[in-house]
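The next block is final26.cif, given as mmCIF, C-alpha atoms and all ligand atoms.
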```
data_input
#
loop_
_atom_site.label_atom_id
_atom_site.label_comp_id
_atom_site.auth_asym_id
_atom_site.auth_seq_id
_atom_site.Cartn_x
_atom_site.Cartn_y
_atom_site.Cartn_z
CA MET A 1 -18.47 -25.19 -9.06
CA SER A 2 -15.17 -23.75 -10.22
CA THR A 3 -12.60 -21.06 -9.48
CA ALA A 4 -13.57 -18.64 -12.23
CA GLY A 5 -15.87 -15.78 -11.29
CA ARG A 6 -15.96 -16.60 -7.58
CA PRO A 7 -14.20 -14.55 -4.88
CA ILE A 8 -10.60 -15.05 -3.77
CA LEU A 9 -10.17 -15.58 -0.03
CA VAL A 10 -6.73 -14.93 1.47
CA ILE A 11 -6.27 -16.14 5.05
CA GLY A 12 -2.97 -15.11 6.57
CA SER A 13 -0.69 -12.62 8.25
CA ALA A 14 -0.46 -8.85 8.31
CA ASN A 15 2.70 -7.12 9.55
CA MET A 16 4.08 -3.65 9.80
CA ASP A 17 7.43 -3.87 8.00
CA LEU A 18 10.28 -1.90 9.60
CA SER A 19 12.86 -1.78 6.82
CA VAL A 20 16.41 -0.46 6.53
CA CYS A 21 18.65 -0.47 3.45
CA ALA A 22 22.28 -1.46 4.04
CA ALA A 23 25.31 -2.26 1.92
CA ALA A 24 25.02 -5.90 2.97
CA ILE A 25 22.87 -8.03 5.22
CA PRO A 26 24.66 -8.40 8.58
CA GLY A 27 25.92 -11.82 9.63
CA PRO A 28 25.63 -13.22 13.17
CA GLY A 29 27.19 -10.85 15.71
CA GLU A 30 27.76 -8.16 13.10
CA THR A 31 26.46 -4.56 13.16
CA VAL A 32 26.16 -2.65 9.91
CA LEU A 33 25.17 0.96 9.35
CA GLY A 34 22.07 1.35 7.20
CA ALA A 35 19.91 4.14 5.83
CA ASN A 36 16.44 4.93 4.51
CA PHE A 37 14.36 3.53 7.37
CA ALA A 38 10.69 3.00 6.48
CA ALA A 39 7.66 1.62 8.30
CA SER A 40 5.25 0.30 5.70
CA PRO A 41 2.47 -2.29 5.34
CA GLY A 42 3.47 -5.90 4.79
CA GLY A 43 2.89 -9.47 5.92
CA LYS A 44 2.74 -12.32 3.43
CA GLY A 45 -1.03 -12.80 3.64
CA ALA A 46 -1.86 -9.11 3.47
CA ASN A 47 0.65 -8.57 0.65
CA GLN A 48 -0.92 -11.35 -1.42
CA ALA A 49 -4.40 -9.96 -0.81
CA ALA A 50 -3.24 -6.44 -1.70
CA ALA A 51 -1.59 -7.73 -4.88
CA ALA A 52 -4.81 -9.45 -5.91
CA GLY A 53 -6.86 -6.36 -5.06
CA ARG A 54 -4.64 -3.99 -7.03
CA LEU A 55 -4.85 -6.32 -10.02
CA GLY A 56 -8.64 -6.13 -9.96
CA GLY A 57 -9.45 -9.36 -8.10
CA ASP A 58 -12.60 -9.77 -6.01
CA VAL A 59 -10.61 -10.51 -2.86
CA ARG A 60 -11.35 -10.89 0.85
CA PHE A 61 -8.70 -10.96 3.55
CA ALA A 62 -9.11 -12.83 6.85
CA GLY A 63 -6.51 -12.15 9.53
CA ARG A 64 -5.81 -10.47 12.89
CA VAL A 65 -4.15 -7.20 13.82
CA GLY A 66 -3.74 -5.59 17.25
CA SER A 67 -5.76 -2.62 18.49
CA ASP A 68 -2.82 -0.27 17.84
CA PRO A 69 -1.86 2.30 15.19
CA PHE A 70 0.00 -0.32 13.10
CA GLY A 71 -3.16 -2.43 12.88
CA ALA A 72 -5.21 0.55 11.75
CA GLN A 73 -2.61 1.45 9.09
CA LEU A 74 -2.61 -2.10 7.75
CA ARG A 75 -6.39 -2.07 7.35
CA VAL A 76 -6.26 1.24 5.46
CA SER A 77 -3.55 -0.06 3.12
CA LEU A 78 -5.58 -3.18 2.29
CA GLU A 79 -8.78 -1.21 1.74
CA GLU A 80 -6.96 1.26 -0.50
CA SER A 81 -5.76 -1.74 -2.55
CA GLY A 82 -9.37 -2.83 -3.08
CA VAL A 83 -9.44 -5.66 -0.50
CA ASP A 84 -12.65 -6.50 1.41
CA CYS A 85 -11.53 -6.38 5.07
CA ARG A 86 -14.71 -7.46 6.82
CA LEU A 87 -12.93 -10.63 7.98
CA LEU A 88 -9.90 -8.74 9.34
CA ASP A 89 -10.40 -8.83 13.11
CA VAL A 90 -8.79 -6.84 15.89
CA ALA A 91 -7.26 -8.92 18.67
CA ARG A 92 -7.26 -7.40 22.17
CA ASP A 93 -4.13 -7.28 24.37
CA VAL A 94 -1.76 -8.35 21.62
CA ALA A 95 0.29 -6.22 19.27
CA THR A 96 0.09 -6.15 15.49
CA GLY A 97 2.71 -8.37 13.82
CA VAL A 98 6.00 -6.69 12.99
CA ALA A 99 8.70 -7.65 10.49
CA LEU A 100 12.28 -6.38 10.79
CA ILE A 101 13.74 -6.24 7.28
CA THR A 102 17.22 -5.48 6.00
CA VAL A 103 17.46 -4.84 2.25
CA SER A 104 20.94 -5.06 0.70
CA ASN A 105 22.29 -2.94 -2.15
CA SER A 106 21.74 -5.89 -4.48
CA GLY A 107 18.02 -5.97 -3.59
CA GLU A 108 18.11 -9.12 -1.45
CA ASN A 109 16.48 -9.13 1.96
CA ALA A 110 16.57 -10.83 5.36
CA ILE A 111 13.37 -10.79 7.43
CA THR A 112 12.59 -11.54 11.08
CA VAL A 113 8.92 -11.59 12.07
CA ALA A 114 7.34 -11.09 15.52
CA ALA A 115 3.97 -12.73 14.89
CA GLY A 116 1.92 -10.83 17.47
CA ALA A 117 -1.77 -10.92 16.53
CA ASN A 118 -1.08 -13.25 13.60
CA GLY A 119 -0.67 -15.98 16.21
CA CYS A 120 -4.40 -15.62 16.99
CA MET A 121 -5.25 -16.93 13.51
CA ASP A 122 -5.43 -20.45 14.89
CA GLU A 123 -7.49 -23.53 14.16
CA ALA A 124 -10.53 -22.12 16.00
CA ALA A 125 -10.38 -18.89 14.01
CA VAL A 126 -10.27 -20.82 10.74
CA ALA A 127 -13.16 -23.03 11.84
CA LEU A 128 -15.28 -19.87 12.08
CA LEU A 129 -14.39 -19.11 8.45
CA ALA A 130 -15.71 -22.42 7.08
CA ASP A 131 -18.65 -20.81 5.24
CA GLU A 132 -16.35 -18.22 3.67
CA ILE A 133 -13.94 -20.93 2.57
CA LEU A 134 -16.75 -22.96 1.01
CA ASP A 135 -18.08 -19.84 -0.73
CA CYS A 136 -14.80 -18.74 -2.34
CA GLY A 137 -13.52 -19.93 -5.69
CA LEU A 138 -9.92 -19.84 -4.60
CA LEU A 139 -8.32 -20.00 -1.15
CA LEU A 140 -4.79 -18.64 -0.81
CA MET A 141 -2.75 -19.27 2.36
CA GLN A 142 0.86 -19.02 3.56
CA LEU A 143 2.69 -20.31 6.66
CA GLU A 144 3.01 -17.08 8.66
CA ILE A 145 0.06 -18.07 10.87
CA PRO A 146 -0.17 -21.23 13.01
CA LEU A 147 0.25 -24.39 10.95
CA ALA A 148 -2.84 -25.95 12.57
CA ALA A 149 -4.95 -23.24 10.96
CA VAL A 150 -3.66 -24.06 7.50
CA ARG A 151 -4.15 -27.76 8.10
CA ALA A 152 -7.75 -27.11 9.25
CA ALA A 153 -8.54 -25.26 6.04
CA ALA A 154 -6.79 -27.65 3.67
CA GLY A 155 -9.63 -30.10 3.07
CA LEU A 156 -12.46 -27.61 2.63
CA PRO A 157 -12.02 -25.97 -0.81
CA ARG A 158 -12.18 -29.23 -2.74
CA ARG A 159 -15.65 -29.96 -1.35
CA THR A 160 -16.99 -27.21 -3.59
CA GLY A 161 -14.58 -27.65 -6.47
CA SER A 162 -12.58 -24.56 -5.60
CA ARG A 163 -8.80 -24.28 -5.62
CA PHE A 164 -6.45 -24.08 -2.65
CA ILE A 165 -3.10 -22.42 -3.34
CA LEU A 166 -0.55 -22.91 -0.57
CA ASN A 167 2.49 -20.65 -0.59
CA PRO A 168 4.61 -22.53 2.01
CA ALA A 169 6.42 -19.42 3.21
CA PRO A 170 8.14 -19.23 5.55
CA TYR A 171 8.85 -22.97 5.65
CA ASN A 172 7.60 -24.63 8.82
CA ALA A 173 9.40 -27.82 9.81
CA GLY A 174 6.18 -29.12 11.38
CA ILE A 175 4.42 -29.42 8.02
CA GLU A 176 3.14 -32.96 7.38
CA LEU A 177 3.34 -33.98 3.75
CA GLU A 178 0.15 -36.10 4.02
CA TRP A 179 -2.29 -33.20 4.14
CA LEU A 180 -0.67 -31.53 1.16
CA SER A 181 -2.86 -33.84 -0.94
CA GLY A 182 -5.67 -31.36 -0.14
CA VAL A 183 -3.62 -28.55 -1.74
CA SER A 184 -4.37 -27.85 -5.41
CA LEU A 185 -1.29 -25.82 -6.15
CA ILE A 186 1.88 -25.29 -4.08
CA THR A 187 4.16 -22.30 -4.76
CA PRO A 188 7.46 -22.45 -2.82
CA ASN A 189 10.62 -20.56 -3.69
CA GLU A 190 13.82 -22.58 -4.07
CA HIS A 191 14.57 -22.49 -0.32
CA GLU A 192 11.11 -23.72 0.66
CA ALA A 193 11.15 -26.33 -2.11
CA ALA A 194 14.50 -27.60 -0.85
CA ALA A 195 13.17 -27.85 2.70
CA LEU A 196 10.08 -29.76 1.51
CA LEU A 197 12.15 -32.15 -0.59
CA LYS A 198 14.91 -32.45 2.01
CA CYS A 199 17.69 -31.30 -0.27
CA LYS A 200 19.71 -28.09 -0.77
CA PRO A 201 18.59 -24.95 -2.68
CA ALA A 202 21.52 -25.61 -5.05
CA ASP A 203 19.95 -28.99 -5.92
CA ILE A 204 16.69 -27.21 -6.81
CA LEU A 205 18.52 -24.68 -8.96
CA ARG A 206 20.43 -27.46 -10.76
CA ASP A 207 17.17 -29.01 -12.04
CA PRO A 208 14.12 -26.93 -11.05
CA GLY A 209 11.84 -28.81 -13.45
CA ALA A 210 12.59 -32.15 -11.80
CA ALA A 211 12.06 -30.59 -8.36
CA ALA A 212 8.69 -29.16 -9.43
CA ALA A 213 7.67 -32.58 -10.78
CA GLU A 214 8.62 -34.17 -7.47
CA LEU A 215 6.62 -31.58 -5.52
CA ARG A 216 3.66 -32.06 -7.81
CA ARG A 217 3.36 -35.64 -6.61
CA LEU A 218 2.66 -34.34 -3.07
CA VAL A 219 -0.32 -32.14 -4.06
CA ALA A 220 -3.50 -32.51 -6.08
CA ASP A 221 -2.80 -30.55 -9.25
CA ALA A 222 0.43 -28.64 -9.75
CA ALA A 223 3.61 -27.18 -8.26
CA ILE A 224 5.31 -23.91 -9.17
CA ILE A 225 8.79 -23.12 -7.81
CA THR A 226 9.56 -19.41 -7.98
CA LEU A 227 13.24 -18.73 -8.67
CA GLY A 228 13.52 -14.95 -8.39
CA SER A 229 15.47 -13.47 -11.29
CA LEU A 230 15.81 -16.97 -12.80
CA GLY A 231 12.07 -17.25 -13.46
CA TYR A 232 10.03 -20.26 -12.32
CA ALA A 233 9.44 -23.95 -12.89
CA ILE A 234 5.95 -25.39 -13.17
CA ALA A 235 4.85 -29.03 -13.14
CA GLY A 236 1.18 -29.69 -13.80
CA PRO A 237 -1.27 -31.44 -16.07
CA ASN A 238 0.57 -30.24 -19.20
CA GLY A 239 3.97 -31.40 -17.99
CA VAL A 240 7.02 -29.46 -16.85
CA HIS A 241 7.75 -25.98 -18.14
CA LEU A 242 10.51 -23.51 -17.22
CA GLY A 243 9.39 -19.88 -17.21
CA PRO A 244 11.90 -17.17 -18.14
CA GLY A 245 13.68 -14.83 -15.76
CA MET A 246 12.70 -11.23 -16.35
CA VAL A 247 15.40 -8.62 -16.89
CA THR A 248 14.63 -5.79 -14.48
CA ASN A 249 16.28 -3.01 -12.58
CA GLU A 250 15.97 -4.87 -9.28
CA VAL A 251 16.08 -2.71 -6.13
CA ASP A 252 14.07 -4.68 -3.53
CA THR A 253 12.77 -8.25 -3.78
CA THR A 254 10.57 -7.97 -0.67
CA ALA A 255 7.07 -9.29 -1.49
CA ALA A 256 7.98 -10.41 -5.03
CA GLY A 257 6.76 -13.91 -4.18
CA ASP A 258 3.61 -12.42 -2.64
CA CYS A 259 3.01 -10.44 -5.82
CA PHE A 260 3.42 -13.65 -7.86
CA ASN A 261 0.85 -15.48 -5.72
CA GLY A 262 -1.68 -12.65 -5.75
CA ALA A 263 -1.39 -12.30 -9.52
CA LEU A 264 -1.67 -16.06 -10.02
CA ALA A 265 -4.89 -16.07 -7.99
CA VAL A 266 -6.36 -13.23 -10.04
CA ALA A 267 -5.50 -14.83 -13.38
CA LEU A 268 -7.01 -18.17 -12.33
CA SER A 269 -10.15 -16.49 -11.01
CA GLU A 270 -10.48 -14.75 -14.39
CA GLY A 271 -10.50 -18.19 -16.02
CA ALA A 272 -6.91 -18.24 -17.29
CA GLU A 273 -5.35 -21.62 -17.88
CA LEU A 274 -2.73 -22.55 -15.25
CA TYR A 275 0.40 -22.16 -17.40
CA GLU A 276 -0.67 -18.80 -18.81
CA ALA A 277 -1.60 -17.66 -15.28
CA ALA A 278 1.92 -18.53 -14.07
CA HIS A 279 3.50 -16.72 -17.01
CA TRP A 280 1.51 -13.56 -16.26
CA ALA A 281 2.22 -13.75 -12.52
CA ASN A 282 5.95 -13.91 -13.31
CA GLU A 283 5.70 -10.78 -15.46
CA VAL A 284 3.70 -8.91 -12.82
CA ALA A 285 6.08 -9.89 -10.00
CA ALA A 286 9.00 -8.53 -12.04
CA ILE A 287 7.46 -5.06 -11.74
CA SER A 288 7.37 -5.27 -7.93
CA VAL A 289 11.14 -5.77 -7.59
CA THR A 290 11.82 -2.45 -9.32
CA ARG A 291 10.29 -0.59 -6.36
CA HIS A 292 10.94 -0.46 -2.62
CA GLY A 293 8.72 -1.94 0.07
CA ALA A 294 6.16 -4.72 0.26
CA GLN A 295 2.64 -3.45 -0.46
CA ALA A 296 4.13 -0.19 -1.70
CA SER A 297 5.83 -2.09 -4.53
CA LEU A 298 2.77 -3.97 -5.80
CA PRO A 299 1.57 -2.95 -9.27
CA TRP A 300 -1.96 -1.91 -10.17
CA ARG A 301 -3.74 -3.59 -13.07
CA SER A 302 -3.14 -0.55 -15.29
CA GLU A 303 0.63 -1.11 -14.89
CA ALA A 304 0.51 -4.87 -15.53
CA PRO A 305 0.93 -6.50 -18.95
CA VAL A 306 -2.24 -7.70 -20.64
CA LEU A 307 -3.23 -11.18 -19.55
CA VAL A 308 -3.13 -12.97 -22.89
CA ARG A 309 -5.70 -15.75 -22.99
CA ARG A 310 -5.18 -18.48 -25.56
CA ALA A 311 -8.32 -19.72 -27.28
CA ASN A 312 -9.30 -23.12 -25.84
O1 LIG B 1 7.06 -11.68 1.87
C1 LIG B 1 7.42 -10.43 2.38
C2 LIG B 1 6.84 -10.25 3.75
O2 LIG B 1 7.41 -11.18 4.63
C3 LIG B 1 7.10 -8.91 4.37
O3 LIG B 1 6.14 -7.95 4.02
C4 LIG B 1 7.16 -9.22 5.85
O4 LIG B 1 6.10 -8.69 6.58
C5 LIG B 1 7.17 -10.73 5.94
O5 LIG B 1 5.96 -11.22 6.27
#
```
For this file, write the structure as structure tokens.
Amino acid sequence: MSTAGRPILVIGSANMDLSVCAAAIPGPGETVLGANFAASPGGKGANQAAAAGRLGGDVRFAGRVGSDPFGAQLRVSLEESGVDCRLLDVARDVATGVALITVSNSGENAITVAAGANGCMDEAAVALLADEILDCGLLLMQLEIPLAAVRAAAGLPRRTGSRFILNPAPYNAGIELEWLSGVSLITPNEHEAAALLKCKPADILRDPGAAAAELRRLVADAAIITLGSLGYAIAGPNGVHLGPGMVTNEVDTTAAGDCFNGALAVALSEGAELYEAAHWANEVAAISVTRHGAQASLPWRSEAPVLVRRAN
């Protein structure tokens, strides 16, 4: 069994993003005047599934939304992106997750999430997905649903030789490093990497390759630290490599990491080698930051660069 040619399963969150652009992100106790309010589909899990779907992946999304208009809109957005939503359930008596996002003039963002129905994606819900997890070639999860659910899934993919990519976002202080050995590939940004390694983001930026190598020791196969406009650092079976930052007209970085993870999953499921998959994901994610919104910013395959496969 292997990753290539088998479906991608994303288990995670779906949120309606309520976004406002402002000159700067407000500090504690501060009020700033913003503009350009938008309500648009988001959530780290749903974004990663939508990214994979738009890039042509055979992708299924498992999550929970509420029985409200936001939940219905999120399902439509995923289906329009080519995602199989048969495992997206509707929770009763609980609202769809919502994210409050401020985007600054420089394209940075600050996000606060009300989990709502995402909180129902617990250990019991993941236990019901065991057959789906064993059937997929690649499982992709984040930390915007209960940690126990991620922990419950962690050991399953390796039983069938499939990959488990964990994007540890947002960082959860309850994460136990022991079960990360069931993770094939971990993909934090510099903030999440710093939290995992108990250091400061500045330490990660000073030597991202060394940080990726240290993270790699916690997981089965490889670690990739995404560094925004500075590129990425990967540590895996072929050693440490620093990927280039992409020069772009950056307007909104929301979901850039999600785009990276979705693209990485697609490239691996198409049989790409890990380092070339990371390189392509970096290029694809650079497109997303040139557009506003989360799912709205995700590129389609026709917009993405060609995935160059080296002869093995
Ligand atoms: O990664 C970006 C996402 O984080 C947003 O879409 C928001 O919903 C939060 O989950």
Produce as a ChimeraX atom specification the set of residues near ligand LIG 1 (chain B), where near means within 6 Å with all atoms listed in the file considered. /A:15,17,42-44,99,254-255,258,294
Which residue, A:Ile204, A:Val59, A:Ala95, A:Leu100, has the smallest gap to Ala38 (chain A) when you use only C-alpha atoms? A:Leu100
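With all atoms listed in the file as the atoms that count, the residue of A:Cys259, A:Leu33, A:Ala130, A:Ala72 with the shortest distance to Ala304 (chain A) is A:Cys259.
Close contacts of Phe260 (chain A), defined as residues with an atom at most 8 Å away when counting only C-alpha atoms, with chain neighbours fewer than 6 positions off set aside, comprise Ala281, Asn282, Val284 and Ala285 of chain A.
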Keeping C-alpha atoms, export the residues of the selection given above as a tab-separated table (two decimals), in the coordinates of the input.
```tsv
chain	number	residue	atom	x	y	z
A	281	ALA	CA	2.22	-13.75	-12.52
A	282	ASN	CA	5.95	-13.91	-13.31
A	284	VAL	CA	3.70	-8.91	-12.82
A	285	ALA	CA	6.08	-9.89	-10.00
```
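Candidate residues A:Asn109, A:Ser13, A:Ser297, A:Thr187 were compared for distance to Met121 (chain A), and the nearest is A:Ser13, using only C-alpha atoms.
For the pair CA of Asn172 (chain A) and CA of Leu78 (chain A), the interatomic distance is 26.0 Å.
CA of Thr96 (chain A) is positioned 5.6 Å from CA of Gly71 (chain A).
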Could the residues of region 130-227 of chain A that have an atom at most 9 Å from region 237-249 of chain A be listed as a Markdown table, each with its closest atom pair and the distance in Å to one decimal, counting all atoms listed in the file and ordered by chain and ascending residue number?
```
| residue | atom | partner | partner_atom | distance |
| --- | --- | --- | --- | --- |
| A:Pro208 | CA | A:Leu242 | CA | 7.9 |
| A:Gly209 | CA | A:Val240 | CA | 5.9 |
| A:Ala210 | CA | A:Val240 | CA | 8.0 |
| A:Ala212 | CA | A:Val240 | CA | 7.6 |
| A:Ala213 | CA | A:Val240 | CA | 6.9 |
| A:Asp221 | CA | A:Pro237 | CA | 7.0 |
| A:Ala222 | CA | A:Pro237 | CA | 7.1 |
| A:Leu227 | CA | A:Gly245 | CA | 8.1 |
```
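Atom pair CA of Asp252 (chain A) / CA of Gly293 (chain A): separated by 7.0 Å.
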Select from region 209-267 of chain A every residue with an atom at most 10 Å from any atom of region 194-198 of chain A, then for each give the shortest pair of atoms and their distance in Å to one decimal, using only C-alpha atoms, rows by chain and rising number, as a tab-separated table.
```
residue	atom	partner	partner_atom	distance
A:Ala211	CA	A:Leu197	CA	7.9
A:Ala212	CA	A:Leu197	CA	10.0
A:Glu214	CA	A:Leu197	CA	8.0
A:Leu215	CA	A:Leu197	CA	7.4
A:Leu218	CA	A:Leu196	CA	9.8
```
Export of region 291-303 of chain A: N, CA, C and O atoms, as a PDB file, in the first residue's frame:
```pdb
ATOM      1  N   ARG A 291      -4.424  37.116  -3.401  1.00  0.00           N
ATOM      2  CA  ARG A 291      -5.878  37.321  -3.484  1.00  0.00           C
ATOM      3  C   ARG A 291      -6.476  37.326  -2.076  1.00  0.00           C
ATOM      4  O   ARG A 291      -5.914  36.732  -1.154  1.00  0.00           O
ATOM      5  N   HIS A 292      -7.620  37.967  -1.932  1.00  0.00           N
ATOM      6  CA  HIS A 292      -8.256  38.067  -0.620  1.00  0.00           C
ATOM      7  C   HIS A 292      -9.054  36.809  -0.281  1.00  0.00           C
ATOM      8  O   HIS A 292      -9.542  36.111  -1.160  1.00  0.00           O
ATOM      9  N   GLY A 293      -9.185  36.568   1.026  1.00  0.00           N
ATOM     10  CA  GLY A 293     -10.048  35.498   1.512  1.00  0.00           C
ATOM     11  C   GLY A 293      -9.296  34.203   1.727  1.00  0.00           C
ATOM     12  O   GLY A 293      -8.096  34.090   1.451  1.00  0.00           O
ATOM     13  N   ALA A 294     -10.039  33.216   2.240  1.00  0.00           N
ATOM     14  CA  ALA A 294      -9.447  31.896   2.497  1.00  0.00           C
ATOM     15  C   ALA A 294      -9.694  31.007   1.274  1.00  0.00           C
ATOM     16  O   ALA A 294      -8.880  30.966   0.351  1.00  0.00           O
ATOM     17  N   GLN A 295     -10.850  30.340   1.227  1.00  0.00           N
ATOM     18  CA  GLN A 295     -11.108  29.477   0.056  1.00  0.00           C
ATOM     19  C   GLN A 295     -11.172  30.289  -1.238  1.00  0.00           C
ATOM     20  O   GLN A 295     -10.804  29.800  -2.308  1.00  0.00           O
ATOM     21  N   ALA A 296     -11.611  31.519  -1.122  1.00  0.00           N
ATOM     22  CA  ALA A 296     -11.701  32.371  -2.321  1.00  0.00           C
ATOM     23  C   ALA A 296     -10.334  32.604  -2.957  1.00  0.00           C
ATOM     24  O   ALA A 296     -10.237  32.885  -4.155  1.00  0.00           O
ATOM     25  N   SER A 297      -9.273  32.475  -2.170  1.00  0.00           N
ATOM     26  CA  SER A 297      -7.928  32.780  -2.692  1.00  0.00           C
ATOM     27  C   SER A 297      -7.229  31.560  -3.279  1.00  0.00           C
ATOM     28  O   SER A 297      -6.148  31.679  -3.859  1.00  0.00           O
ATOM     29  N   LEU A 298      -7.807  30.390  -3.128  1.00  0.00           N
ATOM     30  CA  LEU A 298      -7.094  29.151  -3.487  1.00  0.00           C
ATOM     31  C   LEU A 298      -7.067  28.949  -4.997  1.00  0.00           C
ATOM     32  O   LEU A 298      -8.106  29.020  -5.656  1.00  0.00           O
ATOM     33  N   PRO A 299      -5.901  28.680  -5.569  1.00  0.00           N
ATOM     34  CA  PRO A 299      -5.820  28.522  -7.018  1.00  0.00           C
ATOM     35  C   PRO A 299      -6.355  27.185  -7.526  1.00  0.00           C
ATOM     36  O   PRO A 299      -6.333  26.185  -6.813  1.00  0.00           O
ATOM     37  N   TRP A 300      -6.824  27.192  -8.748  1.00  0.00           N
ATOM     38  CA  TRP A 300      -7.220  25.972  -9.452  1.00  0.00           C
ATOM     39  C   TRP A 300      -5.974  25.397 -10.131  1.00  0.00           C
ATOM     40  O   TRP A 300      -4.992  26.104 -10.341  1.00  0.00           O
ATOM     41  N   ARG A 301      -6.055  24.141 -10.532  1.00  0.00           N
ATOM     42  CA  ARG A 301      -4.887  23.489 -11.135  1.00  0.00           C
ATOM     43  C   ARG A 301      -4.417  24.235 -12.390  1.00  0.00           C
ATOM     44  O   ARG A 301      -3.220  24.328 -12.659  1.00  0.00           O
ATOM     45  N   SER A 302      -5.386  24.774 -13.146  1.00  0.00           N
ATOM     46  CA  SER A 302      -5.024  25.466 -14.385  1.00  0.00           C
ATOM     47  C   SER A 302      -4.194  26.729 -14.115  1.00  0.00           C
ATOM     48  O   SER A 302      -3.510  27.238 -14.991  1.00  0.00           O
ATOM     49  N   GLU A 303      -4.247  27.245 -12.886  1.00  0.00           N
ATOM     50  CA  GLU A 303      -3.483  28.453 -12.528  1.00  0.00           C
ATOM     51  C   GLU A 303      -2.127  28.097 -11.903  1.00  0.00           C
ATOM     52  O   GLU A 303      -1.282  28.975 -11.741  1.00  0.00           O
TER      53      GLU A 303
END
```
